[in-house]
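**Student:** To be precise about what I am sending: the file is called start.txt and holds compact mmCIF, C-alpha atoms and all ligand atoms.
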# COMPACT_ATOMS: atom_id res chain seq x y z
CA MET A 1 19.42 104.34 104.12
CA LYS A 2 20.98 101.20 102.73
CA ARG A 3 23.77 103.24 101.22
CA ARG A 4 24.42 104.98 104.53
CA LEU A 5 24.51 101.61 106.24
CA PHE A 6 27.11 100.37 103.80
CA ALA A 7 29.07 103.59 104.18
CA SER A 8 29.22 103.29 107.95
CA LEU A 9 29.94 99.57 107.65
CA GLY A 10 32.79 100.46 105.31
CA ALA A 11 34.09 103.05 107.75
CA ALA A 12 33.87 100.53 110.57
CA LEU A 13 35.82 98.00 108.51
CA VAL A 14 38.50 100.58 107.73
CA GLY A 15 38.61 101.21 111.46
CA VAL A 16 39.07 97.51 112.14
CA ALA A 17 41.80 97.28 109.52
CA ALA A 18 43.55 100.27 111.08
CA VAL A 19 43.38 98.70 114.52
CA VAL A 20 44.55 95.33 113.23
CA SER A 21 47.52 96.81 111.43
CA LEU A 22 48.37 99.08 114.33
CA PRO A 23 50.92 96.82 116.03
CA ALA A 24 52.92 96.51 112.82
CA THR A 25 52.84 100.17 111.82
CA SER A 26 53.34 101.43 115.34
CA GLN A 27 56.77 99.80 115.39
CA THR A 28 59.51 101.85 113.87
CA LYS A 29 60.18 101.09 110.27
CA VAL A 30 63.68 99.89 109.61
CA VAL A 31 65.54 100.33 106.35
CA TRP A 32 68.65 98.18 106.04
CA LYS A 33 71.43 99.41 103.81
CA ALA A 34 72.80 96.88 101.35
CA SER A 35 75.82 97.37 99.16
CA ASP A 36 77.55 95.80 96.16
CA VAL A 37 80.31 96.83 93.77
CA HIS A 38 78.19 95.77 90.80
CA PRO A 39 75.36 97.70 89.12
CA LEU A 40 71.62 97.13 89.40
CA GLY A 41 70.56 94.07 87.42
CA TYR A 42 73.78 92.13 88.15
CA PRO A 43 72.83 88.73 89.67
CA THR A 44 74.22 89.40 93.16
CA VAL A 45 72.53 92.80 93.31
CA GLU A 46 69.23 91.53 91.95
CA ALA A 47 69.11 88.64 94.44
CA ILE A 48 69.42 91.05 97.39
CA VAL A 49 66.89 93.46 95.88
CA ARG A 50 64.44 90.55 95.60
CA MET A 51 65.21 89.50 99.16
CA GLY A 52 64.37 93.06 100.26
CA LYS A 53 60.99 92.90 98.55
CA LYS A 54 60.20 89.63 100.34
CA PHE A 55 61.23 91.19 103.64
CA GLU A 56 58.94 94.13 103.06
CA THR A 57 55.99 91.86 102.27
CA GLN A 58 56.60 89.41 105.06
CA THR A 59 57.06 92.07 107.75
CA ASN A 60 54.18 94.25 106.50
CA GLY A 61 56.61 96.96 105.53
CA ARG A 62 58.37 97.02 108.90
CA ILE A 63 61.74 95.99 107.43
CA SER A 64 62.95 96.92 103.98
CA ILE A 65 66.29 96.98 102.19
CA GLN A 66 67.78 99.94 100.36
CA MET A 67 70.37 98.83 97.82
CA TYR A 68 73.45 100.99 97.14
CA PRO A 69 74.96 99.40 94.01
CA SER A 70 77.96 100.29 91.83
CA MET A 71 80.48 100.95 94.62
CA GLN A 72 78.42 103.88 95.94
CA LEU A 73 79.57 102.96 99.45
CA GLY A 74 83.14 102.20 98.38
CA GLY A 75 85.06 99.05 97.58
CA GLU A 76 84.73 95.70 99.32
CA LYS A 77 87.25 96.46 102.05
CA GLU A 78 85.30 99.60 102.97
CA MET A 79 82.03 97.67 102.80
CA ILE A 80 83.32 95.09 105.28
CA GLU A 81 84.46 97.84 107.63
CA GLN A 82 81.09 99.60 107.43
CA ALA A 83 79.26 96.35 108.17
CA GLN A 84 81.52 95.76 111.17
CA VAL A 85 80.54 99.08 112.75
CA GLY A 86 76.89 98.82 111.74
CA ALA A 87 76.99 101.67 109.20
CA LEU A 88 75.53 99.25 106.67
CA GLN A 89 73.74 95.98 107.18
CA ILE A 90 74.21 93.78 104.11
CA ALA A 91 77.30 93.61 101.93
CA ARG A 92 78.06 91.22 99.10
CA ILE A 93 81.75 90.47 99.10
CA SER A 94 84.07 88.24 97.08
CA VAL A 95 85.80 85.61 99.19
CA GLY A 96 88.94 87.16 97.68
CA ALA A 97 88.35 90.24 99.82
CA MET A 98 87.19 88.22 102.84
CA GLY A 99 90.38 86.13 103.07
CA PRO A 100 92.35 88.86 104.84
CA VAL A 101 89.52 89.11 107.43
CA VAL A 102 88.97 85.41 108.13
CA ASP A 103 92.00 83.42 107.05
CA ASP A 104 90.20 80.05 106.80
CA LEU A 105 88.42 81.37 103.72
CA ASN A 106 91.69 81.68 101.85
CA VAL A 107 91.45 78.02 100.98
CA PHE A 108 88.97 79.08 98.26
CA ASN A 109 91.42 81.67 96.99
CA LEU A 110 93.98 79.13 95.83
CA PRO A 111 94.33 78.56 92.07
CA PHE A 112 92.73 75.49 90.49
CA ILE A 113 91.40 73.92 93.68
CA PHE A 114 87.97 73.31 92.16
CA ARG A 115 87.67 71.06 89.12
CA ASP A 116 84.86 73.24 87.77
CA GLU A 117 81.93 75.38 88.89
CA ALA A 118 79.78 72.33 89.65
CA HIS A 119 82.47 71.06 92.02
CA MET A 120 82.64 74.45 93.76
CA ARG A 121 78.86 74.43 94.21
CA LYS A 122 78.93 70.95 95.76
CA VAL A 123 81.51 72.19 98.23
CA ILE A 124 79.73 75.39 99.29
CA ASP A 125 76.34 73.66 99.50
CA GLY A 126 77.72 70.87 101.68
CA PRO A 127 79.35 70.60 105.12
CA ILE A 128 82.52 72.49 104.12
CA GLY A 129 80.47 75.50 103.04
CA ALA A 130 78.53 75.46 106.31
CA GLU A 131 81.70 75.09 108.39
CA LEU A 132 83.38 78.04 106.70
CA LEU A 133 80.37 80.30 107.21
CA ASP A 134 80.45 79.24 110.82
CA LYS A 135 84.12 80.15 111.09
CA ILE A 136 83.15 83.70 110.13
CA ASN A 137 80.30 83.77 112.63
CA THR A 138 82.29 82.43 115.53
CA ASN A 139 85.40 84.54 114.90
CA PRO A 140 84.98 87.45 117.35
CA ALA A 141 87.32 89.62 115.30
CA SER A 142 85.16 89.35 112.17
CA ARG A 143 82.20 91.27 113.70
CA ILE A 144 79.99 90.08 110.89
CA VAL A 145 77.41 87.37 110.36
CA ALA A 146 77.71 85.37 107.15
CA LEU A 147 74.31 84.98 105.54
CA GLY A 148 75.16 82.76 102.59
CA TRP A 149 77.14 82.05 99.47
CA MET A 150 76.79 83.37 95.96
CA ASP A 151 78.28 82.33 92.64
CA ALA A 152 80.91 84.23 90.71
CA GLY A 153 81.77 81.75 87.99
CA VAL A 154 85.26 81.23 86.62
CA ARG A 155 87.95 83.89 86.37
CA ASN A 156 89.93 84.23 83.14
CA VAL A 157 92.58 86.70 82.01
CA TYR A 158 91.65 89.62 79.76
CA GLY A 159 93.61 92.37 78.11
CA LYS A 160 94.84 93.47 74.69
CA LYS A 161 96.62 90.24 73.78
CA ALA A 162 95.93 86.53 73.96
CA VAL A 163 97.80 84.62 76.67
CA PRO A 164 97.20 80.91 75.92
CA THR A 165 100.40 79.81 77.71
CA PRO A 166 102.35 81.08 80.73
CA ALA A 167 105.09 82.32 78.39
CA ASP A 168 102.58 84.70 76.77
CA LEU A 169 102.02 86.45 80.10
CA LYS A 170 105.67 87.45 80.38
CA GLY A 171 105.97 91.17 81.03
CA GLN A 172 102.19 91.63 81.26
CA LYS A 173 101.04 93.65 84.25
CA ILE A 174 97.81 92.04 85.38
CA ARG A 175 95.59 93.54 88.05
CA MET A 176 94.71 91.17 90.86
CA MET A 177 92.51 91.55 93.94
CA GLY A 178 94.26 92.92 97.02
CA ASN A 179 95.29 89.67 98.69
CA PRO A 180 98.93 88.49 98.49
CA ILE A 181 97.86 85.02 97.30
CA PHE A 182 96.52 86.50 94.07
CA VAL A 183 99.59 88.57 93.24
CA GLU A 184 101.80 85.53 93.80
CA THR A 185 99.43 83.41 91.73
CA MET A 186 99.74 85.78 88.78
CA ASN A 187 103.53 85.88 89.14
CA ALA A 188 103.59 82.08 89.14
CA MET A 189 101.36 82.07 86.04
CA GLY A 190 104.11 83.98 84.25
CA GLY A 191 102.76 87.53 84.45
CA SER A 192 103.36 90.38 86.82
CA GLY A 193 100.59 90.65 89.42
CA VAL A 194 99.52 94.13 90.51
CA ALA A 195 97.24 94.47 93.54
CA MET A 196 94.69 97.19 92.90
CA GLY A 197 91.21 98.18 94.05
CA PHE A 198 88.36 97.26 91.75
CA ASN A 199 87.27 100.90 91.62
CA GLU A 200 90.57 101.97 90.03
CA LEU A 201 90.65 99.24 87.45
CA TYR A 202 88.75 100.71 84.51
CA SER A 203 90.99 103.75 84.21
CA ALA A 204 94.10 101.63 84.86
CA LEU A 205 93.14 99.43 81.91
CA GLU A 206 92.33 102.44 79.77
CA THR A 207 95.54 104.32 80.46
CA GLY A 208 97.76 101.25 80.34
CA VAL A 209 98.79 101.36 84.01
CA VAL A 210 98.01 97.65 83.79
CA ASP A 211 97.86 95.52 80.64
CA GLY A 212 95.00 93.39 81.81
CA ALA A 213 93.00 91.87 84.61
CA GLU A 214 91.11 88.66 85.29
CA ASN A 215 87.48 88.06 86.06
CA ASN A 216 84.29 86.26 85.08
CA PRO A 217 82.32 87.18 81.91
CA PRO A 218 79.44 89.01 83.71
CA THR A 219 81.97 91.30 85.43
CA LEU A 220 83.93 91.97 82.23
CA LEU A 221 80.63 93.13 80.73
CA ALA A 222 78.99 94.90 83.70
CA GLN A 223 82.09 96.94 84.58
CA ASN A 224 82.61 97.95 80.92
CA HIS A 225 86.15 96.59 80.98
CA TYR A 226 85.48 94.96 77.61
CA LEU A 227 85.57 98.44 76.06
CA VAL A 228 89.31 98.54 76.66
CA SER A 229 90.13 94.80 76.87
CA LYS A 230 89.05 92.83 73.84
CA VAL A 231 90.83 89.50 74.33
CA TYR A 232 89.57 87.01 76.91
CA THR A 233 91.82 83.98 77.42
CA LEU A 234 90.14 81.05 79.16
CA THR A 235 92.78 80.37 81.81
CA GLY A 236 90.16 79.40 84.41
CA HIS A 237 92.73 79.80 87.19
CA LEU A 238 90.35 80.86 89.94
CA ILE A 239 86.81 79.87 90.88
CA ILE A 240 86.04 82.09 93.85
CA PRO A 241 82.60 82.11 95.41
CA GLU A 242 81.21 85.22 97.03
CA ILE A 243 79.41 85.66 100.30
CA PHE A 244 76.85 88.07 101.59
CA ILE A 245 77.31 89.26 105.11
CA PHE A 246 75.33 91.08 107.76
CA SER A 247 76.44 93.51 110.43
CA LYS A 248 76.82 91.63 113.73
CA ARG A 249 75.95 94.83 115.56
CA THR A 250 72.57 95.02 113.84
CA TRP A 251 72.10 91.24 114.10
CA ASP A 252 72.53 91.27 117.89
CA ALA A 253 69.72 93.81 118.22
CA LEU A 254 67.24 91.75 116.14
CA THR A 255 64.48 89.63 117.66
CA PRO A 256 64.94 85.86 117.27
CA GLU A 257 61.99 85.92 114.83
CA ASP A 258 63.65 88.51 112.61
CA GLN A 259 66.93 86.59 112.77
CA ALA A 260 65.11 83.43 111.68
CA LEU A 261 63.38 85.27 108.83
CA LEU A 262 66.69 86.74 107.71
CA LYS A 263 68.27 83.28 107.68
CA LYS A 264 65.37 81.81 105.72
CA LEU A 265 65.29 84.58 103.11
CA SER A 266 69.08 84.48 102.80
CA ARG A 267 68.99 80.79 101.95
CA GLU A 268 66.39 81.59 99.28
CA ALA A 269 68.53 84.47 97.98
CA GLN A 270 71.52 82.12 97.66
CA PHE A 271 69.65 79.83 95.30
CA GLU A 272 67.88 82.64 93.48
CA GLN A 273 71.26 84.25 92.76
CA ARG A 274 72.53 80.96 91.33
CA LYS A 275 69.70 80.82 88.85
CA LEU A 276 70.26 84.44 87.88
CA TRP A 277 73.99 83.75 87.63
CA ASP A 278 73.58 80.91 85.16
CA GLU A 279 71.29 82.99 82.99
CA LYS A 280 73.63 86.00 83.11
CA THR A 281 76.72 83.94 82.25
CA VAL A 282 75.11 82.74 79.03
CA THR A 283 73.90 86.19 77.97
CA ALA A 284 77.12 87.92 79.04
CA GLU A 285 79.24 85.59 76.90
CA ALA A 286 77.00 86.18 73.90
CA ASP A 287 76.97 89.97 74.52
CA LEU A 288 80.74 90.15 74.86
CA LYS A 289 81.23 88.25 71.61
CA ALA A 290 78.73 90.52 69.88
CA LYS A 291 80.69 93.52 71.17
CA GLY A 292 83.88 92.23 69.60
CA VAL A 293 85.55 90.34 72.45
CA THR A 294 87.52 87.28 71.31
CA PHE A 295 87.44 84.19 73.53
CA VAL A 296 90.74 82.29 73.33
CA PRO A 297 91.33 78.75 74.64
CA ALA A 298 94.27 78.31 77.02
CA ASP A 299 96.68 75.54 77.95
CA LYS A 300 95.12 74.98 81.36
CA ALA A 301 97.43 72.08 82.19
CA ALA A 302 100.41 74.41 81.79
CA TYR A 303 98.81 77.03 84.02
CA TYR A 304 97.93 74.37 86.56
CA LYS A 305 101.54 73.20 86.64
CA ALA A 306 102.89 76.75 86.87
CA THR A 307 100.75 77.49 89.92
CA GLN A 308 101.70 74.35 91.87
CA PRO A 309 104.16 76.30 94.09
CA ILE A 310 101.23 78.45 95.29
CA ARG A 311 99.17 75.43 96.29
CA ASP A 312 102.25 73.96 97.96
CA LYS A 313 103.09 77.14 99.85
CA TYR A 314 99.63 78.17 100.99
CA GLY A 315 97.97 74.78 100.99
CA VAL A 316 99.94 73.31 103.88
CA LYS A 317 97.77 74.76 106.60
CA TYR A 318 94.60 73.76 104.77
CA ALA A 319 95.86 70.27 103.87
CA ALA A 320 92.99 68.37 105.55
CA LEU A 321 90.39 70.70 104.08
CA LEU A 322 91.94 70.54 100.62
CA LYS A 323 91.75 66.76 100.76
CA ARG A 324 88.05 66.95 101.66
CA ILE A 325 87.46 69.45 98.84
CA GLU A 326 89.16 67.13 96.37
CA GLU A 327 87.11 64.19 97.60
CA THR A 328 83.83 66.08 97.20
CA LYS A 329 82.16 64.53 94.17
C1 LIG A 401 84.16 90.25 90.86
C2 LIG A 401 83.45 90.20 92.17
C3 LIG A 401 83.61 91.48 92.91
C4 LIG A 401 85.07 91.92 93.00
C5 LIG A 401 85.77 91.81 91.70
C6 LIG A 401 87.26 92.09 91.80
O1 LIG A 401 84.05 89.01 90.24
O2 LIG A 401 82.08 89.99 91.96
O3 LIG A 401 83.04 91.31 94.16
O4 LIG A 401 85.73 91.14 93.94
O5 LIG A 401 85.54 90.56 91.09
O6 LIG A 401 88.00 91.53 91.01
O7 LIG A 401 87.69 92.90 92.62
Any chance you could put this one into structure tokens?
Ligand code: GTR
**Tutor:**
Amino acid sequence: MKRRLFASLGAALVGVAAVVSLPATSQTKVVWKASDVHPLGYPTVEAIVRMGKKFETQTNGRISIQMYPSMQLGGEKEMIEQAQVGALQIARISVGAMGPVVDDLNVFNLPFIFRDEAHMRKVIDGPIGAELLDKINTNPASRIVALGWMDAGVRNVYGKKAVPTPADLKGQKIRMMGNPIFVETMNAMGGSGVAMGFNELYSALETGVVDGAENNPPTLLAQNHYLVSKVYTLTGHLIIPEIFIFSKRTWDALTPEDQALLKKLSREAQFEQRKLWDEKTVTAEADLKAKGVTFVPADKAAYYKATQPIRDKYGVKYAALLKRIEETK
């Protein structure tokens, strides 16, 4: 009798639970597509995966995120285009690839404008960072919503030979991201800049179509470029943050509550990625050294001097902003 009572009580409770959860489950489940050029486990990818888990928990499974890593949905240019038409929702993009879409961002694509990573972080965390995200959001042509910033460390040159001074880069074909500023920067540094998609780079390095490239240590490791490029010269010419963006088309169809949740979880993802980034930079450097990559110091003052024409040429229209960046302590 008692047992039957408990059984029916249990059934009643299950019934209550089903009724209570009905509003959530009766709404259509949404799966947002997220994309990154890097593999699973890379800090930017991991931060979005974690954000997806939080979304799932906090919306009772109504919204989740499916990550498509490792360029499965194409390069960054393609990812931006897909976000613009709503074919994907979240894309993590280097500011290098965003410059051609929203010109104001190109200020971050100039060589040696940040003293170091800490300086860059101060800038993106402060009013300048907020203003630039806003420029993306209010630019009708961008058709994307900027969710937040991510870290991408310091970019250094890698290849088969050490390039401690600009003279060492003479005749070296170095792959740069597809933005004219970068090609001109490499030319000013003494090398020969070649604009090329990230997806073509490994084979270009392997076959000698280019002699080298430039990037941060986690990328050199994660993209396996170290297998064919064993010398990493610490030129430190670019410190380019990354952003993660959302499709404006999808955003406009969200409820204000979901928009607010997305903003909140994005802010958390930004700082979670930073923590993951710092950890990964340390382990990546150690891993690369263990795998036979030589780290070579560079004459940074010489590279700074060599790239002055680029700051002069492109910096004019960002003069006020550049002054504020410099004054950020
Ligand atoms: C990496 C960045 C990628 C991509 C790549 C490149 O540091 O995380 O988003 O921009 O550089 O050089 O193309």
**Student:** Residues contacting ligand LIG 401 (chain A) - anything with an atom at most 6 Å away, using only C-alpha atoms and all ligand atoms - can you give me those as a PDB file with C-alpha atoms, in the coordinates of the input?
**Tutor:**
ATOM      1  CA  ILE A  93      81.750  90.470  99.100  1.00  0.00           C
ATOM      2  CA  SER A  94      84.070  88.240  97.080  1.00  0.00           C
ATOM      3  CA  ALA A 152      80.910  84.230  90.710  1.00  0.00           C
ATOM      4  CA  MET A 177      92.510  91.550  93.940  1.00  0.00           C
ATOM      5  CA  PHE A 198      88.360  97.260  91.750  1.00  0.00           C
ATOM      6  CA  ASN A 215      87.480  88.060  86.060  1.00  0.00           C
ATOM      7  CA  ASN A 216      84.290  86.260  85.080  1.00  0.00           C
ATOM      8  CA  THR A 219      81.970  91.300  85.430  1.00  0.00           C
TER       9      THR A 219
END
**Student:** Return the single residue from A:Lys291, A:Lys173, A:Lys29, A:Lys280 that is closest to Met196 (chain A), with distances computed using all atoms listed in the file.
**Tutor:** A:Lys173
**Student:** Would you work out the distance separating CA of Phe244 (chain A) from CA of Pro140 (chain A), expressed in Å to one decimal?
**Tutor:**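 It comes out at 17.7 Å.
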**Student:** Rounded to one decimal in Å, what is the spacing between CA of Gly178 (chain A) and CA of Ile124 (chain A)?
**Tutor:** 22.9 Å
**Student:** Give me, please, the distance in Å between CA of Ala253 (chain A) and CA of Tyr68 (chain A), quoted to one decimal.
**Tutor:**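 Atom-to-atom, CA of Ala253 (chain A) and CA of Tyr68 (chain A) are spaced 22.6 Å apart.
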**Student:** Which residue out of A:Gly208, A:Ser203, A:Met67, A:Ala146 has the minimum interatomic distance to Ile174 (chain A) when all atoms listed in the file are used?
**Tutor:**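 Of A:Gly208, A:Ser203, A:Met67, A:Ala146, the one nearest Ile174 (chain A), counting all atoms listed in the file, is A:Gly208.
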**Student:** Pick the closest to Met71 (chain A) from A:Arg92, A:His237, A:Arg115, A:Arg324: which is it, counting only C-alpha atoms?
**Tutor:**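 Result for the nearest residue to Met71 (chain A): A:Arg92.
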**Student:** Please define a box with edges along x, y and z of the file around all atoms of region 222-235 of chain A given in the file, extend it by 5 Å on each side, and return its centre and edge lengths in Å to one decimal, as lines of an AutoDock Vina configuration file.
**Tutor:**
center_x = 85.9
center_y = 89.5
center_z = 79.2
size_x = 23.8
size_y = 28.2
size_z = 20.7
**Student:** Show me, as a ChimeraX atom specification, the residues that have an atom within 10 Å of Ala298 (chain A) when counting only C-alpha atoms, minus same-chain residues fewer than 5 positions from it.
**Tutor:** /A:156-157,162-166,232-236,303
**Student:** Using all atoms listed in the file, which of the listed residues (A:Ala118, A:Ala290, A:Ala306, A:Ile239) sits closest to Thr328 (chain A)?
**Tutor:** A:Ala118
**Student:** Here is a test: counting only C-alpha atoms, which residue of A:Thr185, A:Gln308, A:Ser266, A:Thr281 is nearest to Ile90 (chain A)?
**Tutor:**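 Checking each candidate against Ile90 (chain A), we get A:Ser266 as the closest.
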**Student:** What's the 8 Å shell around Val123 (chain A), counting only C-alpha atoms, without same-chain residues fewer than 5 positions away, as an MDAnalysis selection string?
**Tutor:** chainID A and resid 128:129 325 328
**Student:** Around (102.4, 80.4, 96.7), as given in the file, which residues come within 10 Å? Count all atoms listed in the file and list them as a list in words.
**Tutor:**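 Returned residue set, sorted by chain then number, is Leu110, Pro111, Pro180, Ile181, Phe182, Val183, Glu184, Thr185, Met186, Asn187, Ala188, Thr307, Gln308, Pro309, Ile310, Arg311, Asp312, Lys313, Tyr314 and Gly315 of chain A.
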**Student:** How close does region 150-265 of chain A get to region 34-56 of chain A? List, as a Markdown table, each residue of region 150-265 of chain A within 10 Å, its nearest atom pair and the distance in Å to one decimal, counting all atoms listed in the file.
**Tutor:**
| residue | atom | partner | partner_atom | distance |
| --- | --- | --- | --- | --- |
| A:Met150 | CA | A:Thr44 | CA | 7.1 |
| A:Asp151 | CA | A:Thr44 | CA | 8.2 |
| A:Ala152 | CA | A:Thr44 | CA | 8.8 |
| A:Phe198 | CA | A:Val37 | CA | 8.3 |
| A:Asn199 | CA | A:Val37 | CA | 8.3 |
| A:Pro218 | CA | A:Tyr42 | CA | 7.8 |
| A:Thr219 | CA | A:His38 | CA | 7.9 |
| A:Ala222 | CA | A:Pro39 | CA | 7.1 |
| A:Gln223 | CA | A:His38 | CA | 7.4 |
| A:Glu242 | CA | A:Thr44 | CA | 9.0 |
| A:Ile243 | CA | A:Thr44 | CA | 9.6 |
| A:Phe244 | CA | A:Thr44 | CA | 8.9 |
| A:Ile245 | CA | A:Ala34 | CA | 9.6 |
| A:Phe246 | CA | A:Ala34 | CA | 9.0 |
| A:Asp258 | CA | A:Phe55 | CA | 9.7 |
| A:Leu261 | CA | A:Phe55 | CA | 8.2 |
| A:Leu262 | CA | A:Phe55 | CA | 8.1 |
| A:Leu265 | CA | A:Met51 | CA | 6.3 |
**Student:** Given the choices A:Ala269, A:Val282, A:Gly197, A:Gly190, which gets closest to Gly75 (chain A) if the distance is worked out from only C-alpha atoms?
**Tutor:**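 Of all the options, A:Gly197 lies closest to Gly75 (chain A).
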**Student:** Mind checking which residues fall within 8 Å of Ile80 (chain A), counting all atoms listed in the file, ignoring those fewer than 4 positions away in the same chain, and posting them as a PyMOL selection string?
**Tutor:** chain A and resi 76+84+91+93
**Student:** What's the 9 Å shell around Gly292 (chain A), counting all atoms listed in the file, without same-chain residues fewer than 4 positions away, as number ranges by chain?
**Tutor:** A: 226, 230-231, 287-288
**Student:** Please, could you write that set of residues out with C-alpha atoms as a PDB file, in the frame of the given file?
**Tutor:**
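Wrote it out as part21.pdb, contents follow:
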ATOM      1  CA  TYR A 226      85.480  94.960  77.610  1.00  0.00           C
ATOM      2  CA  LYS A 230      89.050  92.830  73.840  1.00  0.00           C
ATOM      3  CA  VAL A 231      90.830  89.500  74.330  1.00  0.00           C
ATOM      4  CA  ASP A 287      76.970  89.970  74.520  1.00  0.00           C
ATOM      5  CA  LEU A 288      80.740  90.150  74.860  1.00  0.00           C
TER       6      LEU A 288
END
**Student:** Show me that you can extract region 195-211 of chain A, keeping N, CA and C atoms, and write it as a compact mmCIF listing (two decimals), in the first residue's frame.
**Tutor:**
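selection_21.txt written:
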# COMPACT_ATOMS: atom_id res chain seq x y z
N ALA A 195 50.47 38.05 -49.76
CA ALA A 195 49.15 37.86 -49.16
C ALA A 195 48.63 36.48 -49.53
N MET A 196 48.19 35.74 -48.53
CA MET A 196 47.75 34.37 -48.80
C MET A 196 46.78 33.94 -47.72
N GLY A 197 45.81 33.13 -48.10
CA GLY A 197 44.84 32.60 -47.12
C GLY A 197 45.55 31.68 -46.14
N PHE A 198 45.04 31.66 -44.93
CA PHE A 198 45.62 30.84 -43.88
C PHE A 198 45.54 29.35 -44.25
N ASN A 199 44.47 28.99 -44.94
CA ASN A 199 44.25 27.58 -45.31
C ASN A 199 45.27 27.06 -46.32
N GLU A 200 45.93 27.98 -47.05
CA GLU A 200 46.91 27.53 -48.05
C GLU A 200 48.31 27.51 -47.49
N LEU A 201 48.47 28.01 -46.28
CA LEU A 201 49.81 28.30 -45.79
C LEU A 201 50.68 27.08 -45.53
N TYR A 202 50.11 26.02 -44.93
CA TYR A 202 50.96 24.88 -44.59
C TYR A 202 51.66 24.35 -45.84
N SER A 203 50.88 24.10 -46.90
CA SER A 203 51.52 23.53 -48.09
C SER A 203 52.45 24.54 -48.76
N ALA A 204 52.12 25.83 -48.64
CA ALA A 204 53.02 26.84 -49.23
C ALA A 204 54.37 26.84 -48.52
N LEU A 205 54.34 26.63 -47.21
CA LEU A 205 55.59 26.56 -46.44
C LEU A 205 56.35 25.29 -46.81
N GLU A 206 55.59 24.22 -46.95
CA GLU A 206 56.21 22.91 -47.21
C GLU A 206 56.86 22.87 -48.59
N THR A 207 56.18 23.43 -49.57
CA THR A 207 56.70 23.34 -50.93
C THR A 207 57.64 24.49 -51.27
N GLY A 208 57.75 25.46 -50.37
CA GLY A 208 58.68 26.56 -50.64
C GLY A 208 58.06 27.69 -51.47
N VAL A 209 56.73 27.66 -51.66
CA VAL A 209 56.08 28.78 -52.35
C VAL A 209 56.35 30.06 -51.55
N VAL A 210 56.37 29.93 -50.23
CA VAL A 210 56.85 31.04 -49.39
C VAL A 210 57.98 30.49 -48.51
N ASP A 211 58.84 31.40 -48.05
CA ASP A 211 59.96 30.98 -47.20
C ASP A 211 59.57 30.98 -45.74
